[in-house]
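Down below is the structure, laid out as structure tokens.
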Amino acid sequence: MDAVFTNAKQWNIAEENGVLSLRYSEKPIPQLDDNQVLVKIHGTSLNFRDLLISQEKYTFDLKPGVFPGSDGAGTVVAIVKHVTRFQPGDHVVTIIQQQHLAGSIDARTAKSGLGGSIDGTLRPIGAFDEQWLVAMPQGLSFVEASTLSLGQCVITQGTGGVSLFAVQFAKSVGARVIATTSTREKAKFLENLGADHIGGPSTLEQSIASLKLDGLLCVVESVGSAGQDIKMPHLLDCWVNLFTARGIWVGSRLQMEEMIRAIEANIDTLRPVVDSVFPLDQVKEAYSYLACEHLGKVCINIE
């Protein structure tokens, strides 16, 4: 392995105290185990999940001192002899649930969250199992491609990176899209992106009222009702209003590969929306910005 990759500056969660928990220091570069590749990470993107991990509010498995960051794109710089899926020079993107390759998620794969129970992408270089990566789509920059890991008739709530990408995908398959947001400026942006109808601030209760009989409500994290004094729906609402409610995480590696093929075939209309890009040494500033108003993905560029 090249001597330039002996040590590198990288972030880790020293404690669970919000932005103050982030530590930027020089750490040894991991040695490769069987079936691993060494990836020079060029771009990462942040998610609401990253804020929860730093704030002692993350409800899933968390490794002490973990390197945060679930989304990343970069270049393979070294492999071991057993690796068959990639070669040095290949451009790759991480998946979040690292052991979820196909089919339904189970208790074992649910514990393989990148940037939570497994060291993540807020570092210039990292070792990853070859099965935990997918080929990067042609036509996107590393920063744009780094947004894909958490990126999945549709109603979308808000104007974060995942919501905006959902609008783009829904329109690409001909769906009628209803989007919600809190400001006229963001409403105009959603209109330009292709949303057919745009409403005001969202709640779960309003989402249920908008469903047709035998409709489907998907819940991602705790967004949509936080901080609002409203009646929260309960299980009997599914029966009274005849709808199905389900929690969703992210897709498998197989679904990620299918999504990437769709992006490559529609590169002009399925290009991720990037709000802002910070350098690696300004991750604390990026976290603070993510916690405030933003339109699209907040990303990190790593030289």
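In the structure tokens, the first chain shown is A, the next is B, and so on; residue numbers restart at 1 for each chain, and ligands run from 1 in the order shown.
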Rows by chain and residue number, region 55-138 of chain A within 9 Å of region 257-274 of chain A, shortest pair, only C-alpha atoms, as a Markdown table:
```
| residue | atom | partner | partner_atom | distance |
| --- | --- | --- | --- | --- |
| A:Val134 | CA | A:Glu257 | CA | 6.6 |
| A:Ala135 | CA | A:Glu257 | CA | 7.8 |
| A:Met136 | CA | A:Ile260 | CA | 7.5 |
| A:Pro137 | CA | A:Ile260 | CA | 5.8 |
| A:Gln138 | CA | A:Glu264 | CA | 6.4 |
```
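Listed by chain and then by rising number, the residues of region 214-299 of chain A that DSSP assigns to strand (DSSP E) from the backbone are A:Gly215, A:Leu216, A:Leu217, A:Cys218, A:Val219, A:Phe243, A:Thr244, A:Ala245, A:Arg246, A:Gly247, A:Val274, A:Asp275, A:Ser276, A:Val277, A:Phe278, A:Pro279, A:Lys297, A:Val298, A:Cys299.
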Nearby residues (only C-alpha atoms) at most 10 Å from region 78-88 of chain A, same-chain spacing under 6 positions excluded, as a ChimeraX atom specification | /A:1-2,32-40,127-131,133-135
What would the file look like if the residues just selected were written as an mmCIF file, in the first residue's frame with N, CA, C and O atoms?
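The resulting part_27.cif:
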```cif
data_model
loop_
_atom_site.group_PDB
_atom_site.id
_atom_site.type_symbol
_atom_site.label_atom_id
_atom_site.label_comp_id
_atom_site.auth_asym_id
_atom_site.auth_seq_id
_atom_site.Cartn_x
_atom_site.Cartn_y
_atom_site.Cartn_z
ATOM 1 N N MET A 1 0.836 -1.190 0.000
ATOM 2 C CA MET A 1 0.000 0.000 0.000
ATOM 3 C C MET A 1 0.876 1.246 0.000
ATOM 4 O O MET A 1 1.887 1.303 0.695
ATOM 5 N N ASP A 2 0.478 2.265 -0.782
ATOM 6 C CA ASP A 2 1.256 3.492 -0.916
ATOM 7 C C ASP A 2 1.391 4.194 0.426
ATOM 8 O O ASP A 2 0.449 4.274 1.206
ATOM 9 N N LEU A 32 -6.497 -3.818 4.869
ATOM 10 C CA LEU A 32 -7.548 -4.548 4.173
ATOM 11 C C LEU A 32 -7.650 -5.988 4.667
ATOM 12 O O LEU A 32 -6.656 -6.692 4.783
ATOM 13 N N ASP A 33 -8.900 -6.404 4.969
ATOM 14 C CA ASP A 33 -9.187 -7.802 5.260
ATOM 15 C C ASP A 33 -9.581 -8.503 3.958
ATOM 16 O O ASP A 33 -9.679 -7.880 2.903
ATOM 17 N N ASP A 34 -9.815 -9.811 4.041
ATOM 18 C CA ASP A 34 -10.282 -10.549 2.869
ATOM 19 C C ASP A 34 -11.548 -9.916 2.317
ATOM 20 O O ASP A 34 -12.448 -9.523 3.071
ATOM 21 N N ASN A 35 -11.622 -9.805 0.995
ATOM 22 C CA ASN A 35 -12.801 -9.302 0.282
ATOM 23 C C ASN A 35 -13.040 -7.801 0.460
ATOM 24 O O ASN A 35 -14.115 -7.307 0.129
ATOM 25 N N GLN A 36 -12.046 -7.079 0.951
ATOM 26 C CA GLN A 36 -12.204 -5.635 1.102
ATOM 27 C C GLN A 36 -11.473 -4.871 -0.003
ATOM 28 O O GLN A 36 -10.518 -5.367 -0.600
ATOM 29 N N VAL A 37 -11.970 -3.653 -0.241
ATOM 30 C CA VAL A 37 -11.298 -2.721 -1.143
ATOM 31 C C VAL A 37 -11.029 -1.435 -0.377
ATOM 32 O O VAL A 37 -11.756 -1.078 0.542
ATOM 33 N N LEU A 38 -9.965 -0.750 -0.761
ATOM 34 C CA LEU A 38 -9.641 0.540 -0.170
ATOM 35 C C LEU A 38 -10.156 1.626 -1.109
ATOM 36 O O LEU A 38 -9.847 1.629 -2.307
ATOM 37 N N VAL A 39 -10.966 2.537 -0.575
ATOM 38 C CA VAL A 39 -11.615 3.554 -1.394
ATOM 39 C C VAL A 39 -11.150 4.940 -0.973
ATOM 40 O O VAL A 39 -11.209 5.295 0.210
ATOM 41 N N LYS A 40 -10.665 5.728 -1.944
ATOM 42 C CA LYS A 40 -10.404 7.146 -1.738
ATOM 43 C C LYS A 40 -11.735 7.865 -1.919
ATOM 44 O O LYS A 40 -12.305 7.899 -2.993
ATOM 45 N N ALA A 127 -11.785 1.395 4.228
ATOM 46 C CA ALA A 127 -11.841 0.014 3.742
ATOM 47 C C ALA A 127 -13.286 -0.468 3.801
ATOM 48 O O ALA A 127 -13.959 -0.333 4.826
ATOM 49 N N PHE A 128 -13.770 -1.039 2.691
ATOM 50 C CA PHE A 128 -15.144 -1.523 2.607
ATOM 51 C C PHE A 128 -15.166 -2.907 1.968
ATOM 52 O O PHE A 128 -14.404 -3.182 1.034
ATOM 53 N N ASP A 129 -16.045 -3.777 2.456
ATOM 54 C CA ASP A 129 -16.258 -5.057 1.797
ATOM 55 C C ASP A 129 -16.736 -4.798 0.373
ATOM 56 O O ASP A 129 -17.544 -3.905 0.127
ATOM 57 N N GLU A 130 -16.242 -5.578 -0.579
ATOM 58 C CA GLU A 130 -16.623 -5.361 -1.980
ATOM 59 C C GLU A 130 -18.131 -5.495 -2.204
ATOM 60 O O GLU A 130 -18.688 -4.897 -3.119
ATOM 61 N N GLN A 131 -18.810 -6.274 -1.344
ATOM 62 C CA GLN A 131 -20.251 -6.460 -1.485
ATOM 63 C C GLN A 131 -21.046 -5.237 -1.015
ATOM 64 O O GLN A 131 -22.248 -5.144 -1.273
ATOM 65 N N LEU A 133 -20.561 -2.099 -1.862
ATOM 66 C CA LEU A 133 -20.400 -0.979 -2.785
ATOM 67 C C LEU A 133 -21.120 -1.277 -4.096
ATOM 68 O O LEU A 133 -21.329 -2.432 -4.447
ATOM 69 N N VAL A 134 -21.481 -0.208 -4.813
ATOM 70 C CA VAL A 134 -22.042 -0.352 -6.160
ATOM 71 C C VAL A 134 -21.267 0.555 -7.104
ATOM 72 O O VAL A 134 -20.646 1.534 -6.675
ATOM 73 N N ALA A 135 -21.312 0.221 -8.385
ATOM 74 C CA ALA A 135 -20.643 1.057 -9.375
ATOM 75 C C ALA A 135 -21.345 2.407 -9.487
ATOM 76 O O ALA A 135 -22.571 2.486 -9.531
#
```
Could you jot down the CA of Ile41 (chain A) to CA of Glu285 (chain A) separation for me, Å, one decimal place?
-> 19.7 Å
What separation in Å, quoted to one decimal, exists between CA of Leu211 (chain A) and CA of Thr244 (chain A)?
->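 These two atoms are separated by 9.9 Å.
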Can you tell me which residues surround Tyr289 (chain A) at a distance of at most 12 Å, considering only C-alpha atoms, apart from same-chain residues fewer than 2 positions away, and format the answer as an mmCIF file with all heavy atoms, in the first residue's frame?
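Saved the output as out-v4.cif:
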```cif
data_model
loop_
_atom_site.group_PDB
_atom_site.id
_atom_site.type_symbol
_atom_site.label_atom_id
_atom_site.label_comp_id
_atom_site.auth_asym_id
_atom_site.auth_seq_id
_atom_site.Cartn_x
_atom_site.Cartn_y
_atom_site.Cartn_z
ATOM 1 N N VAL A 19 -23.146 18.869 17.587
ATOM 2 C CA VAL A 19 -21.983 19.238 16.782
ATOM 3 C C VAL A 19 -20.704 19.185 17.613
ATOM 4 O O VAL A 19 -19.633 18.855 17.102
ATOM 5 C CB VAL A 19 -22.190 20.653 16.191
ATOM 6 C CG1 VAL A 19 -20.916 21.142 15.522
ATOM 7 C CG2 VAL A 19 -23.330 20.639 15.175
ATOM 8 N N LEU A 46 -24.739 14.587 3.746
ATOM 9 C CA LEU A 46 -25.265 14.442 5.098
ATOM 10 C C LEU A 46 -26.761 14.183 5.077
ATOM 11 O O LEU A 46 -27.462 14.550 4.141
ATOM 12 C CB LEU A 46 -24.968 15.698 5.918
ATOM 13 C CG LEU A 46 -23.495 16.101 6.055
ATOM 14 C CD1 LEU A 46 -23.370 17.358 6.919
ATOM 15 C CD2 LEU A 46 -22.666 14.963 6.648
ATOM 16 N N ASN A 47 -27.253 13.566 6.161
ATOM 17 C CA ASN A 47 -28.664 13.261 6.312
ATOM 18 C C ASN A 47 -29.125 13.604 7.725
ATOM 19 O O ASN A 47 -28.306 13.765 8.640
ATOM 20 C CB ASN A 47 -28.917 11.769 6.048
ATOM 21 C CG ASN A 47 -28.493 11.342 4.661
ATOM 22 O OD1 ASN A 47 -29.116 11.720 3.672
ATOM 23 N ND2 ASN A 47 -27.410 10.562 4.574
ATOM 24 N N PHE A 48 -30.441 13.686 7.906
ATOM 25 C CA PHE A 48 -31.016 13.929 9.236
ATOM 26 C C PHE A 48 -30.522 12.885 10.228
ATOM 27 O O PHE A 48 -30.297 13.165 11.409
ATOM 28 C CB PHE A 48 -32.543 13.898 9.139
ATOM 29 C CG PHE A 48 -33.251 14.187 10.425
ATOM 30 C CD1 PHE A 48 -33.163 15.440 11.017
ATOM 31 C CD2 PHE A 48 -34.019 13.212 11.048
ATOM 32 C CE1 PHE A 48 -33.812 15.704 12.218
ATOM 33 C CE2 PHE A 48 -34.672 13.462 12.241
ATOM 34 C CZ PHE A 48 -34.572 14.721 12.828
ATOM 35 N N LEU A 51 -27.468 13.898 12.177
ATOM 36 C CA LEU A 51 -27.743 14.772 13.314
ATOM 37 C C LEU A 51 -28.187 13.958 14.526
ATOM 38 O O LEU A 51 -27.743 14.209 15.653
ATOM 39 C CB LEU A 51 -28.822 15.799 12.951
ATOM 40 C CG LEU A 51 -28.480 16.807 11.848
ATOM 41 C CD1 LEU A 51 -29.672 17.727 11.600
ATOM 42 C CD2 LEU A 51 -27.255 17.622 12.217
ATOM 43 N N ASP A 275 -27.733 21.398 -2.438
ATOM 44 C CA ASP A 275 -27.921 22.733 -1.871
ATOM 45 C C ASP A 275 -26.593 23.441 -1.690
ATOM 46 O O ASP A 275 -26.410 24.580 -2.116
ATOM 47 C CB ASP A 275 -28.638 22.622 -0.520
ATOM 48 C CG ASP A 275 -28.775 23.951 0.204
ATOM 49 O OD1 ASP A 275 -27.748 24.463 0.711
ATOM 50 O OD2 ASP A 275 -29.895 24.489 0.266
ATOM 51 N N SER A 276 -25.646 22.760 -1.042
ATOM 52 C CA SER A 276 -24.365 23.395 -0.714
ATOM 53 C C SER A 276 -23.298 22.336 -0.515
ATOM 54 O O SER A 276 -23.594 21.171 -0.239
ATOM 55 C CB SER A 276 -24.502 24.243 0.559
ATOM 56 O OG SER A 276 -25.055 23.467 1.608
ATOM 57 N N VAL A 277 -22.037 22.757 -0.668
ATOM 58 C CA VAL A 277 -20.896 21.856 -0.534
ATOM 59 C C VAL A 277 -19.871 22.483 0.402
ATOM 60 O O VAL A 277 -19.460 23.625 0.207
ATOM 61 C CB VAL A 277 -20.241 21.569 -1.903
ATOM 62 C CG1 VAL A 277 -19.070 20.606 -1.738
ATOM 63 C CG2 VAL A 277 -21.262 21.009 -2.885
ATOM 64 N N PHE A 278 -19.470 21.733 1.423
ATOM 65 C CA PHE A 278 -18.483 22.181 2.400
ATOM 66 C C PHE A 278 -17.208 21.347 2.247
ATOM 67 O O PHE A 278 -17.278 20.181 1.848
ATOM 68 C CB PHE A 278 -19.012 22.003 3.829
ATOM 69 C CG PHE A 278 -20.156 22.902 4.201
ATOM 70 C CD1 PHE A 278 -21.449 22.627 3.774
ATOM 71 C CD2 PHE A 278 -19.950 24.028 4.987
ATOM 72 C CE1 PHE A 278 -22.508 23.443 4.115
ATOM 73 C CE2 PHE A 278 -21.003 24.855 5.337
ATOM 74 C CZ PHE A 278 -22.292 24.560 4.893
ATOM 75 N N GLN A 282 -14.712 21.456 7.447
ATOM 76 C CA GLN A 282 -15.839 22.268 7.908
ATOM 77 C C GLN A 282 -17.097 21.429 8.110
ATOM 78 O O GLN A 282 -18.225 21.886 7.902
ATOM 79 C CB GLN A 282 -16.113 23.413 6.924
ATOM 80 C CG GLN A 282 -15.019 24.455 6.882
ATOM 81 C CD GLN A 282 -15.352 25.619 5.965
ATOM 82 O OE1 GLN A 282 -16.499 25.840 5.585
ATOM 83 N NE2 GLN A 282 -14.331 26.370 5.588
ATOM 84 N N VAL A 283 -16.919 20.189 8.543
ATOM 85 C CA VAL A 283 -18.064 19.308 8.776
ATOM 86 C C VAL A 283 -18.968 19.846 9.882
ATOM 87 O O VAL A 283 -20.201 19.736 9.805
ATOM 88 C CB VAL A 283 -17.576 17.882 9.104
ATOM 89 C CG1 VAL A 283 -18.681 17.057 9.758
ATOM 90 C CG2 VAL A 283 -17.110 17.187 7.832
ATOM 91 N N LYS A 284 -18.404 20.452 10.921
ATOM 92 C CA LYS A 284 -19.238 21.022 11.983
ATOM 93 C C LYS A 284 -20.156 22.101 11.431
ATOM 94 O O LYS A 284 -21.347 22.172 11.781
ATOM 95 C CB LYS A 284 -18.365 21.595 13.102
ATOM 96 C CG LYS A 284 -17.701 20.547 13.985
ATOM 97 C CD LYS A 284 -16.998 21.192 15.166
ATOM 98 C CE LYS A 284 -16.401 20.150 16.085
ATOM 99 N NZ LYS A 284 -15.743 20.758 17.270
ATOM 100 N N GLU A 285 -19.625 22.945 10.555
ATOM 101 C CA GLU A 285 -20.441 23.984 9.935
ATOM 102 C C GLU A 285 -21.531 23.368 9.060
ATOM 103 O O GLU A 285 -22.675 23.852 9.017
ATOM 104 C CB GLU A 285 -19.564 24.924 9.106
ATOM 105 C CG GLU A 285 -18.641 25.825 9.920
ATOM 106 C CD GLU A 285 -17.333 25.177 10.337
ATOM 107 O OE1 GLU A 285 -17.203 23.933 10.171
ATOM 108 O OE2 GLU A 285 -16.443 25.882 10.817
ATOM 109 N N ALA A 286 -21.187 22.268 8.381
ATOM 110 C CA ALA A 286 -22.160 21.586 7.525
ATOM 111 C C ALA A 286 -23.292 20.987 8.357
ATOM 112 O O ALA A 286 -24.464 21.049 7.978
ATOM 113 C CB ALA A 286 -21.466 20.497 6.710
ATOM 114 N N TYR A 287 -22.963 20.395 9.506
ATOM 115 C CA TYR A 287 -23.989 19.854 10.412
ATOM 116 C C TYR A 287 -24.923 20.967 10.879
ATOM 117 O O TYR A 287 -26.149 20.783 10.910
ATOM 118 C CB TYR A 287 -23.327 19.212 11.627
ATOM 119 C CG TYR A 287 -23.049 17.728 11.500
ATOM 120 C CD1 TYR A 287 -22.232 17.232 10.491
ATOM 121 C CD2 TYR A 287 -23.573 16.816 12.398
ATOM 122 C CE1 TYR A 287 -21.948 15.881 10.377
ATOM 123 C CE2 TYR A 287 -23.304 15.453 12.304
ATOM 124 C CZ TYR A 287 -22.492 14.992 11.287
ATOM 125 O OH TYR A 287 -22.218 13.650 11.179
ATOM 126 N N ALA A 291 -29.070 21.416 10.028
ATOM 127 C CA ALA A 291 -30.116 21.525 11.049
ATOM 128 C C ALA A 291 -31.037 22.708 10.804
ATOM 129 O O ALA A 291 -32.108 22.806 11.426
ATOM 130 C CB ALA A 291 -29.477 21.641 12.435
ATOM 131 N N CYS A 292 -30.645 23.623 9.896
ATOM 132 C CA CYS A 292 -31.460 24.799 9.589
ATOM 133 C C CYS A 292 -32.150 24.604 8.237
ATOM 134 O O CYS A 292 -32.259 23.490 7.740
ATOM 135 C CB CYS A 292 -30.573 26.039 9.560
ATOM 136 S SG CYS A 292 -29.687 26.345 11.107
ATOM 137 N N GLU A 293 -32.618 25.692 7.645
ATOM 138 C CA GLU A 293 -33.296 25.621 6.362
ATOM 139 C C GLU A 293 -32.298 25.292 5.243
ATOM 140 O O GLU A 293 -31.252 25.923 5.132
ATOM 141 C CB GLU A 293 -33.980 26.956 6.050
ATOM 142 C CG GLU A 293 -35.172 27.242 6.951
ATOM 143 C CD GLU A 293 -36.340 26.314 6.672
ATOM 144 O OE1 GLU A 293 -36.618 26.054 5.494
ATOM 145 O OE2 GLU A 293 -36.971 25.846 7.640
ATOM 146 N N HIS A 294 -32.648 24.303 4.407
ATOM 147 C CA HIS A 294 -31.837 23.999 3.235
ATOM 148 C C HIS A 294 -32.740 23.422 2.159
ATOM 149 O O HIS A 294 -33.840 22.943 2.443
ATOM 150 C CB HIS A 294 -30.700 23.030 3.571
ATOM 151 C CG HIS A 294 -31.155 21.709 4.105
ATOM 152 N ND1 HIS A 294 -31.563 21.528 5.412
ATOM 153 C CD2 HIS A 294 -31.290 20.501 3.505
ATOM 154 C CE1 HIS A 294 -31.920 20.274 5.600
ATOM 155 N NE2 HIS A 294 -31.765 19.624 4.451
ATOM 156 N N LEU A 295 -32.286 23.476 0.928
ATOM 157 C CA LEU A 295 -33.095 23.050 -0.209
ATOM 158 C C LEU A 295 -32.294 22.041 -1.027
ATOM 159 O O LEU A 295 -31.502 22.399 -1.881
ATOM 160 C CB LEU A 295 -33.456 24.270 -1.074
ATOM 161 C CG LEU A 295 -34.475 24.071 -2.198
ATOM 162 C CD1 LEU A 295 -35.818 23.632 -1.635
ATOM 163 C CD2 LEU A 295 -34.635 25.354 -2.997
ATOM 164 N N GLY A 296 -32.460 20.758 -0.732
ATOM 165 C CA GLY A 296 -31.653 19.733 -1.376
ATOM 166 C C GLY A 296 -30.625 19.164 -0.421
ATOM 167 O O GLY A 296 -30.732 19.275 0.798
ATOM 168 N N LYS A 297 -29.576 18.557 -0.961
ATOM 169 C CA LYS A 297 -28.592 17.852 -0.162
ATOM 170 C C LYS A 297 -27.455 18.772 0.265
ATOM 171 O O LYS A 297 -26.981 19.610 -0.489
ATOM 172 C CB LYS A 297 -28.002 16.690 -0.963
ATOM 173 C CG LYS A 297 -29.012 15.599 -1.301
ATOM 174 C CD LYS A 297 -29.509 14.855 -0.073
ATOM 175 C CE LYS A 297 -28.459 13.944 0.510
ATOM 176 N NZ LYS A 297 -28.995 13.075 1.585
ATOM 177 N N VAL A 298 -27.013 18.582 1.510
ATOM 178 C CA VAL A 298 -25.826 19.250 2.048
ATOM 179 C C VAL A 298 -24.673 18.252 1.925
ATOM 180 O O VAL A 298 -24.744 17.142 2.481
ATOM 181 C CB VAL A 298 -26.038 19.676 3.507
ATOM 182 C CG1 VAL A 298 -24.769 20.310 4.072
ATOM 183 C CG2 VAL A 298 -27.232 20.637 3.612
ATOM 184 N N CYS A 299 -23.622 18.644 1.225
ATOM 185 C CA CYS A 299 -22.560 17.702 0.861
ATOM 186 C C CYS A 299 -21.197 18.140 1.354
ATOM 187 O O CYS A 299 -20.993 19.309 1.719
ATOM 188 C CB CYS A 299 -22.519 17.524 -0.652
ATOM 189 S SG CYS A 299 -24.053 16.866 -1.362
#
```
Who sits within 7 Å of Trp11 (chain A), only C-alpha atoms, same chain under 5 positions skipped, as a list in words =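 Residues near the query, excluding close chain neighbours: Leu22, Arg23, Tyr24, Ser25, Phe67, Leu122 and Arg123 of chain A.
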Leu193 (chain A) surroundings by only C-alpha atoms, 8 Å radius, close-in-sequence under 2 positions cut, as a list in words | Val167, Gln168, Phe189, Leu190, Glu191 and Ala195 of chain A
With a distance cut-off of 7 Å and only C-alpha atoms, select the neighbouring residues of Ile96 (chain A), excluding the residue or stretch itself and same-chain residues fewer than 3 positions from it, and output the selection as a PyMOL selection string.
-> chain A and resi 70-71+113-114+149
